[in-house]
file run00.cif (mmCIF, C-alpha atoms, pLDDT in the B column; chains and numbers go by the auth columns)
data_data
#
loop_
_atom_site.group_PDB
_atom_site.id
_atom_site.type_symbol
_atom_site.label_atom_id
_atom_site.label_comp_id
_atom_site.label_asym_id
_atom_site.label_seq_id
_atom_site.Cartn_x
_atom_site.Cartn_y
_atom_site.Cartn_z
_atom_site.B_iso_or_equiv
_atom_site.auth_seq_id
_atom_site.auth_asym_id
ATOM 1 C CA MET A 1 20.192 7.560 42.612 48.00 1 A
ATOM 2 C CA LEU A 2 18.002 6.994 45.644 51.00 2 A
ATOM 3 C CA ARG A 3 20.264 4.619 47.561 55.00 3 A
ATOM 4 C CA SER A 4 18.124 3.912 50.627 68.00 4 A
ATOM 5 C CA MET A 5 15.491 2.062 48.580 73.00 5 A
ATOM 6 C CA HIS A 6 15.426 -1.358 47.021 85.00 6 A
ATOM 7 C CA PRO A 7 17.298 -1.023 43.682 86.00 7 A
ATOM 8 C CA ARG A 8 14.225 -1.737 41.544 90.00 8 A
ATOM 9 C CA THR A 9 12.125 0.767 43.498 94.00 9 A
ATOM 10 C CA ALA A 10 14.881 3.361 43.220 95.00 10 A
ATOM 11 C CA ARG A 11 15.165 2.747 39.449 96.00 11 A
ATOM 12 C CA CYS A 12 11.394 3.234 39.015 97.00 12 A
ATOM 13 C CA THR A 13 11.333 6.324 41.226 97.00 13 A
ATOM 14 C CA ASN A 14 14.199 7.879 39.303 97.00 14 A
ATOM 15 C CA GLY A 15 12.457 6.997 36.059 98.00 15 A
ATOM 16 C CA ALA A 16 9.287 8.665 37.319 98.00 16 A
ATOM 17 C CA LEU A 17 11.247 11.812 38.132 98.00 17 A
ATOM 18 C CA ALA A 18 12.804 11.741 34.657 98.00 18 A
ATOM 19 C CA GLY A 19 9.397 11.239 33.047 98.00 19 A
ATOM 20 C CA ALA A 20 7.956 14.120 35.034 98.00 20 A
ATOM 21 C CA ALA A 21 10.864 16.313 33.895 98.00 21 A
ATOM 22 C CA GLY A 22 10.209 15.326 30.283 98.00 22 A
ATOM 23 C CA ALA A 23 6.504 16.119 30.642 98.00 23 A
ATOM 24 C CA VAL A 24 7.316 19.552 32.098 98.00 24 A
ATOM 25 C CA ALA A 25 9.702 20.242 29.190 98.00 25 A
ATOM 26 C CA TRP A 26 6.901 19.235 26.794 97.00 26 A
ATOM 27 C CA ALA A 27 4.423 21.555 28.534 96.00 27 A
ATOM 28 C CA ILE A 28 6.908 24.442 28.375 97.00 28 A
ATOM 29 C CA VAL A 29 7.400 24.208 24.585 96.00 29 A
ATOM 30 C CA GLN A 30 3.758 23.480 23.795 96.00 30 A
ATOM 31 C CA PRO A 31 2.526 27.126 23.664 95.00 31 A
ATOM 32 C CA LEU A 32 5.323 28.028 21.256 94.00 32 A
ATOM 33 C CA ASP A 33 4.801 25.046 18.967 92.00 33 A
ATOM 34 C CA LYS A 34 1.058 25.782 18.879 94.00 34 A
ATOM 35 C CA ARG A 35 1.861 29.220 17.449 94.00 35 A
ATOM 36 C CA ILE A 36 4.453 27.925 15.004 94.00 36 A
ATOM 37 C CA GLY A 37 2.812 24.612 14.060 92.00 37 A
ATOM 38 C CA GLY A 38 -0.564 25.924 13.016 91.00 38 A
ATOM 39 C CA SER A 39 -2.615 23.635 15.243 96.00 39 A
ATOM 40 C CA ARG A 40 -4.228 24.515 18.544 95.00 40 A
ATOM 41 C CA TYR A 41 -3.920 20.892 19.732 97.00 41 A
ATOM 42 C CA ASP A 42 -3.029 21.041 23.418 96.00 42 A
ATOM 43 C CA ASP A 43 -2.371 17.969 25.564 96.00 43 A
ATOM 44 C CA VAL A 44 -2.930 19.813 28.834 97.00 44 A
ATOM 45 C CA GLU A 45 -6.302 21.041 27.583 97.00 45 A
ATOM 46 C CA LEU A 46 -7.240 17.582 26.297 97.00 46 A
ATOM 47 C CA LEU A 47 -6.529 16.004 29.691 98.00 47 A
ATOM 48 C CA GLY A 48 -7.848 18.809 31.881 98.00 48 A
ATOM 49 C CA LYS A 49 -11.123 19.212 30.040 98.00 49 A
ATOM 50 C CA ALA A 50 -11.745 15.487 30.289 97.00 50 A
ATOM 51 C CA ILE A 51 -12.141 16.086 34.042 97.00 51 A
ATOM 52 C CA THR A 52 -13.469 19.645 34.331 97.00 52 A
ATOM 53 C CA ARG A 53 -14.542 22.392 31.979 94.00 53 A
ATOM 54 C CA GLY A 54 -14.230 25.021 34.677 96.00 54 A
ATOM 55 C CA PRO A 55 -11.318 27.358 35.327 97.00 55 A
ATOM 56 C CA ALA A 56 -9.271 24.586 36.986 98.00 56 A
ATOM 57 C CA TRP A 57 -8.759 22.617 33.753 98.00 57 A
ATOM 58 C CA PRO A 58 -5.211 23.963 33.136 97.00 58 A
ATOM 59 C CA ALA A 59 -3.982 22.890 36.576 98.00 59 A
ATOM 60 C CA VAL A 60 -5.801 19.565 36.392 98.00 60 A
ATOM 61 C CA GLY A 61 -4.512 18.924 32.881 98.00 61 A
ATOM 62 C CA LEU A 62 -0.931 19.780 33.797 98.00 62 A
ATOM 63 C CA ALA A 63 -1.052 17.522 36.862 98.00 63 A
ATOM 64 C CA MET A 64 -2.408 14.678 34.746 98.00 64 A
ATOM 65 C CA HIS A 65 0.176 15.296 32.030 98.00 65 A
ATOM 66 C CA VAL A 66 3.075 15.251 34.507 98.00 66 A
ATOM 67 C CA GLY A 67 1.588 12.171 36.200 98.00 67 A
ATOM 68 C CA ASN A 68 1.358 10.385 32.853 98.00 68 A
ATOM 69 C CA GLY A 69 4.971 11.322 32.131 98.00 69 A
ATOM 70 C CA ALA A 70 6.024 9.968 35.526 98.00 70 A
ATOM 71 C CA ALA A 71 4.198 6.680 34.957 98.00 71 A
ATOM 72 C CA PHE A 72 5.765 6.310 31.512 98.00 72 A
ATOM 73 C CA GLY A 73 9.174 7.169 32.965 98.00 73 A
ATOM 74 C CA ALA A 74 8.908 4.569 35.722 98.00 74 A
ATOM 75 C CA THR A 75 8.061 1.898 33.174 98.00 75 A
ATOM 76 C CA TYR A 76 10.762 3.093 30.790 98.00 76 A
ATOM 77 C CA ALA A 77 13.398 2.925 33.543 98.00 77 A
ATOM 78 C CA LEU A 78 12.833 -0.810 33.913 96.00 78 A
ATOM 79 C CA ALA A 79 13.313 -1.410 30.175 96.00 79 A
ATOM 80 C CA ALA A 80 16.076 1.137 29.502 96.00 80 A
ATOM 81 C CA PRO A 81 19.060 -1.058 30.444 95.00 81 A
ATOM 82 C CA ARG A 82 17.981 -3.600 27.827 95.00 82 A
ATOM 83 C CA LEU A 83 17.473 -1.051 25.038 95.00 83 A
ATOM 84 C CA PRO A 84 20.265 -0.313 22.544 94.00 84 A
ATOM 85 C CA GLY A 85 21.955 3.021 22.024 96.00 85 A
ATOM 86 C CA PRO A 86 22.811 6.048 24.103 97.00 86 A
ATOM 87 C CA PRO A 87 20.282 7.218 26.697 97.00 87 A
ATOM 88 C CA TYR A 88 18.771 10.066 24.696 96.00 88 A
ATOM 89 C CA ILE A 89 18.213 7.759 21.699 97.00 89 A
ATOM 90 C CA ARG A 90 16.603 5.094 23.911 98.00 90 A
ATOM 91 C CA GLY A 91 14.250 7.685 25.402 98.00 91 A
ATOM 92 C CA LEU A 92 13.486 9.129 21.984 98.00 92 A
ATOM 93 C CA GLY A 93 12.712 5.666 20.589 98.00 93 A
ATOM 94 C CA ALA A 94 10.402 4.818 23.474 98.00 94 A
ATOM 95 C CA ALA A 95 8.562 8.135 23.115 98.00 95 A
ATOM 96 C CA MET A 96 8.183 7.704 19.351 98.00 96 A
ATOM 97 C CA ALA A 97 6.820 4.176 19.830 98.00 97 A
ATOM 98 C CA GLU A 98 4.241 5.569 22.233 98.00 98 A
ATOM 99 C CA ASN A 99 3.381 8.492 19.954 98.00 99 A
ATOM 100 C CA PHE A 100 2.815 6.486 16.794 98.00 100 A
ATOM 101 C CA GLY A 101 1.365 3.505 18.618 98.00 101 A
ATOM 102 C CA LEU A 102 -1.343 5.516 20.359 97.00 102 A
ATOM 103 C CA TRP A 103 -2.048 8.268 17.796 98.00 103 A
ATOM 104 C CA PRO A 104 -4.756 6.200 16.049 97.00 104 A
ATOM 105 C CA LEU A 105 -6.771 6.437 19.279 97.00 105 A
ATOM 106 C CA VAL A 106 -7.414 10.131 18.595 97.00 106 A
ATOM 107 C CA ARG A 107 -10.488 8.950 16.698 97.00 107 A
ATOM 108 C CA LEU A 108 -11.939 8.054 20.087 97.00 108 A
ATOM 109 C CA THR A 109 -11.082 11.485 21.446 96.00 109 A
ATOM 110 C CA ASP A 110 -12.767 13.139 18.482 97.00 110 A
ATOM 111 C CA ARG A 111 -15.877 11.071 19.089 97.00 111 A
ATOM 112 C CA PHE A 112 -16.199 10.642 22.861 97.00 112 A
ATOM 113 C CA HIS A 113 -14.225 13.355 24.694 97.00 113 A
ATOM 114 C CA PRO A 114 -16.586 15.407 26.905 97.00 114 A
ATOM 115 C CA ALA A 115 -15.213 18.664 25.449 97.00 115 A
ATOM 116 C CA ARG A 116 -14.890 17.413 21.855 96.00 116 A
ATOM 117 C CA ARG A 117 -16.778 20.422 20.466 96.00 117 A
ATOM 118 C CA GLU A 118 -14.246 22.786 22.081 96.00 118 A
ATOM 119 C CA LEU A 119 -11.183 20.847 20.926 97.00 119 A
ATOM 120 C CA GLU A 120 -9.527 20.715 17.545 95.00 120 A
ATOM 121 C CA ARG A 121 -10.288 17.546 15.597 97.00 121 A
ATOM 122 C CA LEU A 122 -7.195 15.311 15.679 98.00 122 A
ATOM 123 C CA SER A 123 -8.047 12.434 13.364 97.00 123 A
ATOM 124 C CA GLY A 124 -6.471 13.139 9.982 97.00 124 A
ATOM 125 C CA ASN A 125 -4.869 16.334 11.323 97.00 125 A
ATOM 126 C CA ARG A 126 -1.268 16.237 10.055 97.00 126 A
ATOM 127 C CA ARG A 127 -0.280 19.453 11.814 97.00 127 A
ATOM 128 C CA ALA A 128 -1.429 18.078 15.153 97.00 128 A
ATOM 129 C CA LEU A 129 0.416 14.813 14.519 97.00 129 A
ATOM 130 C CA ALA A 130 3.585 16.760 13.666 97.00 130 A
ATOM 131 C CA GLN A 131 3.246 18.737 16.888 97.00 131 A
ATOM 132 C CA ALA A 132 2.616 15.566 18.904 97.00 132 A
ATOM 133 C CA THR A 133 5.708 14.023 17.323 97.00 133 A
ATOM 134 C CA TRP A 134 7.845 17.062 18.167 97.00 134 A
ATOM 135 C CA ARG A 135 6.549 17.099 21.746 98.00 135 A
ATOM 136 C CA HIS A 136 7.221 13.382 22.144 98.00 136 A
ATOM 137 C CA ALA A 137 10.743 13.921 20.802 98.00 137 A
ATOM 138 C CA ILE A 138 11.438 16.548 23.465 98.00 138 A
ATOM 139 C CA PHE A 139 9.896 14.340 26.138 98.00 139 A
ATOM 140 C CA GLY A 140 11.899 11.303 25.026 98.00 140 A
ATOM 141 C CA VAL A 141 15.272 13.029 24.873 98.00 141 A
ATOM 142 C CA VAL A 142 14.780 14.578 28.323 98.00 142 A
ATOM 143 C CA LEU A 143 13.473 11.288 29.717 98.00 143 A
ATOM 144 C CA GLY A 144 16.421 9.282 28.399 98.00 144 A
ATOM 145 C CA ALA A 145 19.086 11.740 29.484 98.00 145 A
ATOM 146 C CA VAL A 146 17.677 12.423 32.965 98.00 146 A
ATOM 147 C CA GLU A 147 16.837 8.780 33.687 98.00 147 A
ATOM 148 C CA ALA A 148 20.376 7.670 32.770 97.00 148 A
ATOM 149 C CA ARG A 149 21.857 10.387 34.960 97.00 149 A
ATOM 150 C CA LEU A 150 19.639 9.578 37.946 97.00 150 A
ATOM 151 C CA ASN A 151 20.190 5.843 37.611 95.00 151 A
ATOM 152 C CA ASP A 152 23.978 6.266 37.163 87.00 152 A
ATOM 153 C CA GLN A 153 24.232 4.774 33.673 65.00 153 A
#
call {"tool": "encode", "arguments": {"input": "run00.cif", "output": "structure tokens"}}
result
Amino acid sequence: MLRSMHPRTARCTNGALAGAAGAVAWAIVQPLDKRIGGSRYDDVELLGKAITRGPAWPAVGLAMHVGNGAAFGATYALAAPRLPGPPYIRGLGAAMAENFGLWPLVRLTDRFHPARRELERLSGNRRALAQATWRHAIFGVVLGAVEARLNDQ
């Protein structure tokens, strides 16, 4: 735990670090699950190509993905002490809530994303949803375990 900070700030910072770790774990398994899962759905590509279609999209997408994970982790860290269950189950539950709560918004991606013609259609795509669910599971378990460790729970 970061002990020189205000406790709430330290909790959020540690949560952000845990969320970033979860997002990196997600990004590491993504190429493998794309081969196994039968969908080319790629979160890094989705984010990166929203900003640039040039050769920098992988780096931009990864930075955005890790930043999103950190923001989610900081928020999660504030709620975690009030959630039931062991840390990895709390993280998994939070990630699943986010996954299934936001998945319906893929219709907007399919319609408005600047690179929509280059991306796989997500609406109604069960393989992509399964891959998103698997990735969120990895993210959530890592988030919960690392956040609890960093915040001494």
call {"tool": "residues_around", "arguments": {"input": "run00.cif", "residues": "Val44 in chain A", "least_positions_apart": "2", "cutoff": "7 Å", "atoms": "only C-alpha atoms", "output": "number ranges by chain"}}
result
A: 42, 46-48, 58, 61-62, 65
call {"tool": "write_last_selection", "arguments": {"input": "run00.cif", "atoms": "C-alpha atoms", "output": "short mmCIF file (atom, residue, chain, number, x, y, z; two decimals), keeping the file's coordinate frame"}}
result
data_model
loop_
_atom_site.label_atom_id
_atom_site.label_comp_id
_atom_site.auth_asym_id
_atom_site.auth_seq_id
_atom_site.Cartn_x
_atom_site.Cartn_y
_atom_site.Cartn_z
CA ASP A 42 -3.03 21.04 23.42
CA LEU A 46 -7.24 17.58 26.30
CA LEU A 47 -6.53 16.00 29.69
CA GLY A 48 -7.85 18.81 31.88
CA PRO A 58 -5.21 23.96 33.14
CA GLY A 61 -4.51 18.92 32.88
CA LEU A 62 -0.93 19.78 33.80
CA HIS A 65 0.18 15.30 32.03
#
call {"tool": "resolve_selection", "arguments": {"input": "run00.cif", "expression": "the PyMOL selection byres ((chain A and resi 15-18) around 7)", "output": "list in words"}}
result
Arg11, Cys12, Thr13, Asn14, Gly19, Ala20, Ala21, Gly22, Ala70, Ala71, Gly73, Ala74, Tyr76, Ala77, Leu143, Val146 and Glu147 of chain A
call {"tool": "resolve_selection", "arguments": {"input": "run00.cif", "expression": "the PyMOL selection byres ((chain A and resi 90) around 12)", "output": "ChimeraX atom specification"}}
result
/A:73,76-77,79-89,91-97,137,139-148
call {"tool": "closest_residue", "arguments": {"input": "run00.cif", "among": "A:Arg135, A:Arg126, A:His6, A:Arg116", "to": "Ala25 in chain A", "atoms": "all atoms listed in the file"}}
result
A:Arg135
call {"tool": "resolve_selection", "arguments": {"input": "run00.cif", "expression": "the PyMOL selection byres ((chain A and resi 125) around 12)", "output": "list of chain:residue names"}}
result
A:Gly37, A:Gly38, A:Ser39, A:Arg40, A:Tyr41, A:Trp103, A:Pro104, A:Val106, A:Arg107, A:Asp110, A:Glu120, A:Arg121, A:Leu122, A:Ser123, A:Gly124, A:Arg126, A:Arg127, A:Ala128, A:Leu129, A:Ala130, A:Gln131, A:Ala132
call {"tool": "atom_distance", "arguments": {"input": "run00.cif", "atom1": "CA of Thr133 in chain A", "atom2": "CA of Glu45 in chain A"}}
result
17.3 Å
call {"tool": "closest_residue", "arguments": {"input": "run00.cif", "among": "A:Ala56, A:Ala50, A:Leu150, A:Ala63", "to": "His113 in chain A", "atoms": "only C-alpha atoms"}}
result
A:Ala50
call {"tool": "atom_distance", "arguments": {"input": "run00.cif", "atom1": "CA of Met64 in chain A", "atom2": "CA of Val24 in chain A"}}
result
11.2 Å
call {"tool": "closest_residue", "arguments": {"input": "run00.cif", "among": "A:Leu102, A:Ile36, A:Leu78, A:Ala115", "to": "Trp57 in chain A", "atoms": "only C-alpha atoms"}}
result
A:Ala115
call {"tool": "atom_distance", "arguments": {"input": "run00.cif", "atom1": "CA of Arg8 in chain A", "atom2": "CA of Gly69 in chain A"}}
result
18.6 Å
call {"tool": "build_atoms", "arguments": {"input": "run00.cif", "residues": "range 6-39 of chain A", "atoms": "N, CA and C atoms", "output": "mmCIF file, keeping the file's coordinate frame"}}
result
data_model
loop_
_atom_site.group_PDB
_atom_site.id
_atom_site.type_symbol
_atom_site.label_atom_id
_atom_site.label_comp_id
_atom_site.auth_asym_id
_atom_site.auth_seq_id
_atom_site.Cartn_x
_atom_site.Cartn_y
_atom_site.Cartn_z
ATOM 1 N N HIS A 6 15.121 -0.163 47.802
ATOM 2 C CA HIS A 6 15.426 -1.358 47.021
ATOM 3 C C HIS A 6 15.831 -0.886 45.616
ATOM 4 N N PRO A 7 16.822 -1.511 44.983
ATOM 5 C CA PRO A 7 17.298 -1.023 43.682
ATOM 6 C C PRO A 7 16.215 -0.880 42.610
ATOM 7 N N ARG A 8 15.293 -1.821 42.548
ATOM 8 C CA ARG A 8 14.225 -1.737 41.544
ATOM 9 C C ARG A 8 13.288 -0.564 41.844
ATOM 10 N N THR A 9 12.973 -0.354 43.105
ATOM 11 C CA THR A 9 12.125 0.767 43.498
ATOM 12 C C THR A 9 12.821 2.079 43.199
ATOM 13 N N ALA A 10 14.112 2.144 43.505
ATOM 14 C CA ALA A 10 14.881 3.361 43.220
ATOM 15 C C ALA A 10 14.918 3.628 41.715
ATOM 16 N N ARG A 11 15.125 2.598 40.909
ATOM 17 C CA ARG A 11 15.165 2.747 39.449
ATOM 18 C C ARG A 11 13.833 3.300 38.949
ATOM 19 N N CYS A 12 12.722 2.756 39.434
ATOM 20 C CA CYS A 12 11.394 3.234 39.015
ATOM 21 C C CYS A 12 11.144 4.661 39.480
ATOM 22 N N THR A 13 11.524 4.968 40.695
ATOM 23 C CA THR A 13 11.333 6.324 41.226
ATOM 24 C C THR A 13 12.135 7.334 40.415
ATOM 25 N N ASN A 14 13.373 6.994 40.119
ATOM 26 C CA ASN A 14 14.199 7.879 39.303
ATOM 27 C C ASN A 14 13.614 8.017 37.901
ATOM 28 N N GLY A 15 13.114 6.923 37.360
ATOM 29 C CA GLY A 15 12.457 6.997 36.059
ATOM 30 C C GLY A 15 11.225 7.885 36.094
ATOM 31 N N ALA A 16 10.466 7.803 37.171
ATOM 32 C CA ALA A 16 9.287 8.665 37.319
ATOM 33 C C ALA A 16 9.694 10.135 37.373
ATOM 34 N N LEU A 17 10.757 10.429 38.084
ATOM 35 C CA LEU A 17 11.247 11.812 38.132
ATOM 36 C C LEU A 17 11.686 12.280 36.746
ATOM 37 N N ALA A 18 12.371 11.405 36.015
ATOM 38 C CA ALA A 18 12.804 11.741 34.657
ATOM 39 C C ALA A 18 11.603 11.944 33.731
ATOM 40 N N GLY A 19 10.600 11.092 33.854
ATOM 41 C CA GLY A 19 9.397 11.239 33.047
ATOM 42 C C GLY A 19 8.645 12.517 33.372
ATOM 43 N N ALA A 20 8.597 12.864 34.642
ATOM 44 C CA ALA A 20 7.956 14.120 35.034
ATOM 45 C C ALA A 20 8.720 15.304 34.453
ATOM 46 N N ALA A 21 10.051 15.233 34.478
ATOM 47 C CA ALA A 21 10.864 16.313 33.895
ATOM 48 C C ALA A 21 10.598 16.433 32.395
ATOM 49 N N GLY A 22 10.507 15.309 31.713
ATOM 50 C CA GLY A 22 10.209 15.326 30.283
ATOM 51 C C GLY A 22 8.838 15.923 29.993
ATOM 52 N N ALA A 23 7.860 15.591 30.828
ATOM 53 C CA ALA A 23 6.504 16.119 30.642
ATOM 54 C C ALA A 23 6.468 17.632 30.889
ATOM 55 N N VAL A 24 7.247 18.107 31.852
ATOM 56 C CA VAL A 24 7.316 19.552 32.098
ATOM 57 C C VAL A 24 7.973 20.252 30.904
ATOM 58 N N ALA A 25 9.051 19.658 30.371
ATOM 59 C CA ALA A 25 9.702 20.242 29.190
ATOM 60 C C ALA A 25 8.702 20.335 28.036
ATOM 61 N N TRP A 26 7.939 19.277 27.838
ATOM 62 C CA TRP A 26 6.901 19.235 26.794
ATOM 63 C C TRP A 26 5.916 20.383 27.008
ATOM 64 N N ALA A 27 5.417 20.525 28.235
ATOM 65 C CA ALA A 27 4.423 21.555 28.534
ATOM 66 C C ALA A 27 4.981 22.963 28.333
ATOM 67 N N ILE A 28 6.285 23.133 28.559
ATOM 68 C CA ILE A 28 6.908 24.442 28.375
ATOM 69 C C ILE A 28 6.960 24.824 26.897
ATOM 70 N N VAL A 29 7.288 23.881 26.020
ATOM 71 C CA VAL A 29 7.400 24.208 24.585
ATOM 72 C C VAL A 29 6.055 24.210 23.868
ATOM 73 N N GLN A 30 5.049 23.620 24.471
ATOM 74 C CA GLN A 30 3.758 23.480 23.795
ATOM 75 C C GLN A 30 3.146 24.807 23.328
ATOM 76 N N PRO A 31 3.118 25.871 24.151
ATOM 77 C CA PRO A 31 2.526 27.126 23.664
ATOM 78 C C PRO A 31 3.252 27.688 22.428
ATOM 79 N N LEU A 32 4.568 27.544 22.400
ATOM 80 C CA LEU A 32 5.323 28.028 21.256
ATOM 81 C C LEU A 32 5.031 27.188 20.015
ATOM 82 N N ASP A 33 5.033 25.865 20.160
ATOM 83 C CA ASP A 33 4.801 25.046 18.967
ATOM 84 C C ASP A 33 3.362 25.172 18.475
ATOM 85 N N LYS A 34 2.427 25.531 19.343
ATOM 86 C CA LYS A 34 1.058 25.782 18.879
ATOM 87 C C LYS A 34 1.028 27.001 17.959
ATOM 88 N N ARG A 35 1.810 28.021 18.289
ATOM 89 C CA ARG A 35 1.861 29.220 17.449
ATOM 90 C C ARG A 35 2.567 28.949 16.128
ATOM 91 N N ILE A 36 3.651 28.200 16.196
ATOM 92 C CA ILE A 36 4.453 27.925 15.004
ATOM 93 C C ILE A 36 3.820 26.835 14.136
ATOM 94 N N GLY A 37 3.269 25.794 14.779
ATOM 95 C CA GLY A 37 2.812 24.612 14.060
ATOM 96 C C GLY A 37 1.469 24.715 13.374
ATOM 97 N N GLY A 38 0.702 25.730 13.711
ATOM 98 C CA GLY A 38 -0.564 25.924 13.016
ATOM 99 C C GLY A 38 -1.721 25.073 13.513
ATOM 100 N N SER A 39 -1.539 24.420 14.653
ATOM 101 C CA SER A 39 -2.615 23.635 15.243
ATOM 102 C C SER A 39 -2.777 24.071 16.697
#
